[in-house]
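K.L.:
The structure's right below; bear with me while I get my questions together.
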Amino acid sequence: MVFPGTGSFSVPCLNMAAAMSASDGPSVTRDLSTRRRKRRNSSLWVLAAGLLLFCAAAGTLYYALRPVTLRIAVGPSGSDDQKLVQALAQSFDLDRYSVRLSSITTEGAVESLGLLGAGKADLAVARGDLEMPGEAETVAIVRKNFVVLWSPSGLPAKGSKRQPAAKIKTLDDLADHRLGVIGKTPANVALLRVILTESGVDADKVAVTQFATSQVEELARDPNLDAFMAVGPLDSKITADALAATARSRGEPKFLPIDVSEAIAQKHPLYESEEIPGSIFNAKPAWPDDKIETISVNHLIVARKSLSETTVAALARQLFSIRQALAKQVPGAAHIKKPDTDKDAELPVHRGAAAYLDVPRAVQRLLLVRDPGSLRARFRRRLVPPLLEARRKGAQHIASGQGLGPDFEGAGRGNAGAIVGAGRRGRRHTP
């Protein structure tokens, strides 16, 4: 400091403060810059960790929710069973369900069960009275097969309108006669022997000839046959065609009731006592003219016991959710029914199917209502958008500098903004 008339004069305190300020300036600037860098780097590490966590979660979801394809053995080729399975497989694919089906065509139910037992198929379509592999368990009832027995009344004589009476009127009359069975499966013959034995008829005294389902006309024209047997759903085209063919060639059918149907069901739990309604096969004339007693056997979709509970539960849900809609394409789909989950059932229900079927109906409706596809699609809609939103908010949080201090707000915004922009550009292509 300089005073007039005295020359120059220095104030030691001011010089010292100035010197300290000059010497401390670079150090303070360096410390502030270091803190900013540390905070910016920490924020970038947090963002990187968040992105890594998001990618890991997305990968886990994709792996967990990807479709499962089950091999289902069904046959023979061109049968109603194969057509139903093909329609189910196509519907599952189109609706992007979590469980898909890959059909394996076989010669019939016996071969299908053989593939299931050998582990070459995950599912099989077969009748419940066939010999099942040790680990086969029920998923769903495809349909009920009703036993239909009838005999021809004979054609009226030329010039006469009088209908002759049938020679075979009851099962007791079948002894020492020949019966034609539609279907080559040995299960039909075994079932016939059970019916005859329980009805008090010596099964060895009834001769049996089997015909393929494509040989209905040959069966109808065979003069050596005194009665006929078909096993199938009540709306079966094969049974209807057989009745019509035998009526043309041999006269009106006389239906044979199984009066001991309830006793058979009690002794053989795989069979059930049923009634065939009057006029079910024809209205005029009525075939039959009144309801008659018979027995039925379930046709099933069975799965390996070792199959995942979650997978089978999803399959059961899919089957019962589309059966009515699918019936418009394949009428047989309307017959799909839920099996009895009673633990004492002759053929146990798979634990996965039971887990779904034992859920209260109100909860089942919640699972089925407005369900456009698979669990995979549902999780995509409900979980992925929140994850994307969380990533977006996290990036915005860093960009705004919230919680990072005033020193970072200006310096860090540029780099964080670039990261947010990159994240947004990448998010446009996120599936």
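Following the order of the structure tokens, chains are lettered A, B, ..., residues in each are numbered from 1, and ligands are numbered from 1.
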For A:Ala313, find every residue with an atom within 9 Å (counting only C-alpha atoms), except residues of its own chain fewer than 3 positions away, and show them as a ChimeraX atom specification.

P.N.:
/A:139,308-310,316-318,350-357

K.L.:
Save out the residues we just selected, N, CA and C atoms, as a PDB file, in the first residue's frame.

P.N.:
```pdb
ATOM      1  N   VAL A 139     -54.120 -86.888 -18.026  1.00  0.00           N
ATOM      2  CA  VAL A 139     -54.145 -85.426 -18.141  1.00  0.00           C
ATOM      3  C   VAL A 139     -55.568 -84.952 -18.440  1.00  0.00           C
ATOM      4  N   SER A 308     -42.817 -82.495 -15.911  1.00  0.00           N
ATOM      5  CA  SER A 308     -42.901 -81.363 -14.985  1.00  0.00           C
ATOM      6  C   SER A 308     -44.345 -81.040 -14.605  1.00  0.00           C
ATOM      7  N   GLU A 309     -44.564 -80.818 -13.332  1.00  0.00           N
ATOM      8  CA  GLU A 309     -45.898 -80.446 -12.843  1.00  0.00           C
ATOM      9  C   GLU A 309     -46.367 -79.135 -13.458  1.00  0.00           C
ATOM     10  N   THR A 310     -45.447 -78.175 -13.558  1.00  0.00           N
ATOM     11  CA  THR A 310     -45.802 -76.881 -14.135  1.00  0.00           C
ATOM     12  C   THR A 310     -46.205 -77.026 -15.600  1.00  0.00           C
ATOM     13  N   ALA A 316     -52.971 -78.629 -19.297  1.00  0.00           N
ATOM     14  CA  ALA A 316     -54.378 -78.824 -18.909  1.00  0.00           C
ATOM     15  C   ALA A 316     -55.153 -77.523 -19.064  1.00  0.00           C
ATOM     16  N   ARG A 317     -54.561 -76.424 -18.634  1.00  0.00           N
ATOM     17  CA  ARG A 317     -55.229 -75.126 -18.766  1.00  0.00           C
ATOM     18  C   ARG A 317     -55.523 -74.814 -20.225  1.00  0.00           C
ATOM     19  N   GLN A 318     -54.544 -75.080 -21.086  1.00  0.00           N
ATOM     20  CA  GLN A 318     -54.725 -74.801 -22.514  1.00  0.00           C
ATOM     21  C   GLN A 318     -55.829 -75.670 -23.117  1.00  0.00           C
ATOM     22  N   HIS A 350     -52.306 -87.007 -13.328  1.00  0.00           N
ATOM     23  CA  HIS A 350     -50.984 -86.399 -13.149  1.00  0.00           C
ATOM     24  C   HIS A 350     -51.086 -85.240 -12.155  1.00  0.00           C
ATOM     25  N   ARG A 351     -50.088 -85.107 -11.307  1.00  0.00           N
ATOM     26  CA  ARG A 351     -50.142 -84.084 -10.253  1.00  0.00           C
ATOM     27  C   ARG A 351     -50.257 -82.672 -10.829  1.00  0.00           C
ATOM     28  N   GLY A 352     -49.696 -82.448 -12.024  1.00  0.00           N
ATOM     29  CA  GLY A 352     -49.814 -81.134 -12.650  1.00  0.00           C
ATOM     30  C   GLY A 352     -51.236 -80.837 -13.067  1.00  0.00           C
ATOM     31  N   ALA A 353     -51.896 -81.823 -13.690  1.00  0.00           N
ATOM     32  CA  ALA A 353     -53.292 -81.644 -14.085  1.00  0.00           C
ATOM     33  C   ALA A 353     -54.175 -81.500 -12.853  1.00  0.00           C
ATOM     34  N   ALA A 354     -53.898 -82.300 -11.820  1.00  0.00           N
ATOM     35  CA  ALA A 354     -54.690 -82.207 -10.591  1.00  0.00           C
ATOM     36  C   ALA A 354     -54.531 -80.846  -9.935  1.00  0.00           C
ATOM     37  N   ALA A 355     -53.321 -80.286  -9.995  1.00  0.00           N
ATOM     38  CA  ALA A 355     -53.080 -78.973  -9.397  1.00  0.00           C
ATOM     39  C   ALA A 355     -53.951 -77.910 -10.055  1.00  0.00           C
ATOM     40  N   TYR A 356     -54.121 -78.003 -11.367  1.00  0.00           N
ATOM     41  CA  TYR A 356     -54.992 -77.052 -12.062  1.00  0.00           C
ATOM     42  C   TYR A 356     -56.470 -77.351 -11.811  1.00  0.00           C
ATOM     43  N   LEU A 357     -56.847 -78.635 -11.895  1.00  0.00           N
ATOM     44  CA  LEU A 357     -58.256 -78.999 -11.788  1.00  0.00           C
ATOM     45  C   LEU A 357     -58.804 -78.789 -10.386  1.00  0.00           C
TER      46      LEU A 357
END
```

K.L.:
Distance table requested - stretch 300-372 of chain A against stretch 96-108 of chain A, cut-off 9 Å, only C-alpha atoms: one row per qualifying residue with the closest atom pair and its distance in Å to one decimal, ordered by chain and rising residue number, as a Markdown table.

P.N.:
```
| residue | atom | partner | partner_atom | distance |
| --- | --- | --- | --- | --- |
| A:Thr311 | CA | A:Val99 | CA | 7.0 |
| A:Val312 | CA | A:Val99 | CA | 8.6 |
| A:Ala314 | CA | A:Val99 | CA | 6.8 |
| A:Leu315 | CA | A:Val99 | CA | 6.1 |
| A:Gln318 | CA | A:Tyr97 | CA | 7.6 |
| A:Pro372 | CA | A:Arg96 | CA | 8.5 |
```

K.L.:
So that I have them on file, write out the residues from the current selection with N, CA and C atoms, as a compact mmCIF listing (two decimals), in the first residue's frame.

P.N.:
```txt
# COMPACT_ATOMS: atom_id res chain seq x y z
N THR A 311 -45.46 -77.84 -16.34
CA THR A 311 -45.75 -78.04 -17.76
C THR A 311 -47.11 -78.69 -17.97
N VAL A 312 -47.41 -79.72 -17.20
CA VAL A 312 -48.68 -80.44 -17.36
C VAL A 312 -49.85 -79.55 -16.90
N ALA A 314 -49.96 -76.32 -17.20
CA ALA A 314 -50.17 -75.38 -18.31
C ALA A 314 -50.88 -76.07 -19.47
N LEU A 315 -50.51 -77.32 -19.76
CA LEU A 315 -51.17 -78.07 -20.83
C LEU A 315 -52.65 -78.26 -20.52
N GLN A 318 -54.54 -75.08 -21.09
CA GLN A 318 -54.73 -74.80 -22.51
C GLN A 318 -55.83 -75.67 -23.12
N PRO A 372 -55.21 -64.34 -24.28
CA PRO A 372 -54.97 -64.47 -25.70
C PRO A 372 -53.88 -65.45 -26.06
```

K.L.:
Quick one: pull the distance between atom CA of A:Ile292 and atom CA of A:Gly128, Å, one decimal.

P.N.:
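Spanning atom CA of A:Ile292 to atom CA of A:Gly128 is a straight-line distance of 22.9 Å.
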
K.L.:
Would you please work out which residue, of A:Leu319, A:Leu243, A:Ala187, A:Ile336, is nearest to A:Arg143 when using only C-alpha atoms?

P.N.:
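With only C-alpha atoms as the atom set, the closest residue is A:Ile336.
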
K.L.:
Interatomic distance between atom CA of A:Lys144 and atom CA of A:Arg178?

P.N.:
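These two atoms are separated by 26.5 Å.
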
K.L.:
For A:Pro331, list every protein, DNA or RNA residue within 12 Å, evaluated using only C-alpha atoms, and leave out those in the same chain fewer than 3 positions away; present the list as a list in words.

P.N.:
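So the residues in contact are Asp80, Asp81, Lys83, Leu84, Ala87, Val142, Arg143, Pro233, Asp235, Ser236, Lys237, Arg323, Gln324, Ala325, Leu326, Ala327, Lys328, Ala334, His335 and Ile336 of chain A.
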
K.L.:
Keeping C-alpha atoms, export the residues of the selection given above as a compact mmCIF listing (two decimals), in the first residue's frame.

P.N.:
```
# COMPACT_ATOMS: atom_id res chain seq x y z
CA ASP A 80 -60.24 -88.78 -35.40
CA ASP A 81 -57.63 -88.83 -32.65
CA LYS A 83 -57.07 -84.97 -36.49
CA LEU A 84 -57.83 -83.69 -32.99
CA ALA A 87 -55.85 -79.21 -34.54
CA VAL A 142 -60.62 -87.00 -24.83
CA ARG A 143 -64.04 -88.64 -25.05
CA PRO A 233 -68.61 -91.77 -29.00
CA ASP A 235 -71.78 -89.13 -32.50
CA SER A 236 -69.20 -91.42 -34.10
CA LYS A 237 -69.43 -91.46 -37.90
CA ARG A 323 -61.97 -76.98 -26.41
CA GLN A 324 -65.21 -75.14 -27.17
CA ALA A 325 -63.68 -72.82 -29.76
CA LEU A 326 -61.83 -75.72 -31.38
CA ALA A 327 -65.05 -77.74 -31.63
CA LYS A 328 -66.08 -75.50 -34.53
CA ALA A 334 -66.23 -80.75 -27.56
CA HIS A 335 -65.88 -84.16 -25.86
CA ILE A 336 -62.72 -83.18 -23.96
```

K.L.:
Let's see if you can do this: from backbone DSSP, list all alpha helix (DSSP H) residues in stretch 132-346 of chain A, as a PyMOL selection string.

P.N.:
chain A and resi 186-198+216-221+237-250+261-267+309-326

K.L.:
Output C-alpha atoms for every residue in that selection, as a CSV table (one decimal), in the first residue's frame.

P.N.:
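Done, and the output landed in out.csv:
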```
chain,number,residue,atom,x,y,z
A,186,PRO,CA,-57.6,-106.3,-28.9
A,187,ALA,CA,-59.1,-104.1,-26.3
A,188,ASN,CA,-62.5,-104.5,-28.0
A,189,VAL,CA,-62.4,-108.3,-27.8
A,190,ALA,CA,-61.3,-108.1,-24.2
A,191,LEU,CA,-64.2,-105.7,-23.4
A,192,LEU,CA,-66.7,-108.0,-25.2
A,193,ARG,CA,-65.5,-111.0,-23.1
A,194,VAL,CA,-66.1,-109.0,-19.9
A,195,ILE,CA,-69.6,-108.1,-21.0
A,196,LEU,CA,-70.5,-111.7,-21.9
A,197,THR,CA,-69.0,-113.2,-18.8
A,198,GLU,CA,-70.7,-110.8,-16.5
A,216,VAL,CA,-67.8,-101.3,-42.6
A,217,GLU,CA,-69.3,-102.4,-45.9
A,218,GLU,CA,-67.6,-105.8,-45.8
A,219,LEU,CA,-68.9,-106.3,-42.3
A,220,ALA,CA,-72.5,-105.4,-43.3
A,221,ARG,CA,-72.4,-107.8,-46.3
A,237,LYS,CA,-69.4,-91.5,-37.9
A,238,ILE,CA,-68.1,-95.0,-37.9
A,239,THR,CA,-70.9,-96.3,-35.7
A,240,ALA,CA,-73.5,-94.4,-37.7
A,241,ASP,CA,-72.2,-95.7,-41.0
A,242,ALA,CA,-72.1,-99.3,-39.6
A,243,LEU,CA,-75.7,-99.1,-38.5
A,244,ALA,CA,-76.9,-97.6,-41.8
A,245,ALA,CA,-74.9,-100.2,-43.8
A,246,THR,CA,-76.2,-103.2,-41.9
A,247,ALA,CA,-79.8,-101.8,-42.1
A,248,ARG,CA,-79.5,-101.7,-45.9
A,249,SER,CA,-78.0,-105.2,-46.2
A,250,ARG,CA,-79.5,-107.1,-43.3
A,261,SER,CA,-73.8,-102.5,-16.7
A,262,GLU,CA,-73.7,-101.3,-13.1
A,263,ALA,CA,-72.3,-104.6,-11.9
A,264,ILE,CA,-69.6,-104.4,-14.5
A,265,ALA,CA,-68.7,-100.9,-13.4
A,266,GLN,CA,-68.4,-102.0,-9.8
A,267,LYS,CA,-66.2,-105.0,-10.6
A,309,GLU,CA,-45.9,-80.4,-12.8
A,310,THR,CA,-45.8,-76.9,-14.1
A,311,THR,CA,-45.7,-78.0,-17.8
A,312,VAL,CA,-48.7,-80.4,-17.4
A,313,ALA,CA,-50.7,-77.8,-15.4
A,314,ALA,CA,-50.2,-75.4,-18.3
A,315,LEU,CA,-51.2,-78.1,-20.8
A,316,ALA,CA,-54.4,-78.8,-18.9
A,317,ARG,CA,-55.2,-75.1,-18.8
A,318,GLN,CA,-54.7,-74.8,-22.5
A,319,LEU,CA,-56.8,-77.9,-23.3
A,320,PHE,CA,-59.8,-76.8,-21.3
A,321,SER,CA,-59.6,-73.2,-22.4
A,322,ILE,CA,-59.8,-73.8,-26.2
A,323,ARG,CA,-62.0,-77.0,-26.4
A,324,GLN,CA,-65.2,-75.1,-27.2
A,325,ALA,CA,-63.7,-72.8,-29.8
A,326,LEU,CA,-61.8,-75.7,-31.4
```

K.L.:
Quick one: pick out all strand (DSSP E) residues within stretch 189-283 of chain A from a backbone DSSP run and write them as a VMD selection string.

P.N.:
chain A and resid 207 to 211 227 to 232 253 to 255 271 to 276

K.L.:
As a short mmCIF file (atom, residue, chain, number, x, y, z; two decimals) with N, CA and C atoms, in the first residue's frame, please: the residues near stretch 156-160 of chain A (cut-off 10 Å, only C-alpha atoms, same-chain neighbours under 2 positions excluded).

P.N.:
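Wrote it out as part13.cif, contents follow:
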```cif
data_model
loop_
_atom_site.label_atom_id
_atom_site.label_comp_id
_atom_site.auth_asym_id
_atom_site.auth_seq_id
_atom_site.Cartn_x
_atom_site.Cartn_y
_atom_site.Cartn_z
N SER A 153 -82.44 -107.47 -38.07
CA SER A 153 -83.78 -108.08 -38.03
C SER A 153 -84.07 -108.88 -39.29
N GLY A 154 -83.29 -108.68 -40.33
CA GLY A 154 -83.53 -109.35 -41.60
C GLY A 154 -84.39 -108.48 -42.51
N ARG A 162 -94.07 -106.37 -44.01
CA ARG A 162 -93.92 -106.80 -42.63
C ARG A 162 -92.45 -106.99 -42.29
N GLN A 163 -92.02 -106.33 -41.20
CA GLN A 163 -90.63 -106.45 -40.78
C GLN A 163 -90.44 -107.74 -39.98
N PRO A 164 -89.48 -108.56 -40.40
CA PRO A 164 -89.23 -109.79 -39.64
C PRO A 164 -88.63 -109.48 -38.27
N ALA A 165 -88.74 -110.41 -37.35
CA ALA A 165 -88.19 -110.24 -36.01
C ALA A 165 -86.74 -110.71 -35.99
N ARG A 250 -79.00 -105.97 -44.12
CA ARG A 250 -79.52 -107.06 -43.30
C ARG A 250 -80.81 -106.70 -42.56
N GLY A 251 -81.30 -105.51 -42.72
CA GLY A 251 -82.55 -105.14 -42.05
C GLY A 251 -82.33 -104.24 -40.84
N GLU A 252 -83.44 -103.77 -40.27
CA GLU A 252 -83.40 -102.83 -39.15
C GLU A 252 -82.61 -103.39 -37.97
#
```

K.L.:
When you draw a straight line from atom CA of A:Glu346 to atom CA of A:Val297, how long is it in Å?

P.N.:
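Computing it gives 12.3 Å between the two atoms.
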
K.L.:
Under the rule that only C-alpha atoms are counted, which of A:Ile182, A:Leu115, A:Leu51, A:Ala73 is the nearest residue to A:Val147?

P.N.:
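Of A:Ile182, A:Leu115, A:Leu51, A:Ala73, the one nearest A:Val147, counting only C-alpha atoms, is A:Ile182.
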
K.L.:
With distances taken over only C-alpha atoms, which of A:Pro285, A:Gly75, A:Gly232, A:Pro152 is nearest to A:Ala124?

P.N.:
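The shortest atom-to-atom distance to A:Ala124 comes from A:Gly75.
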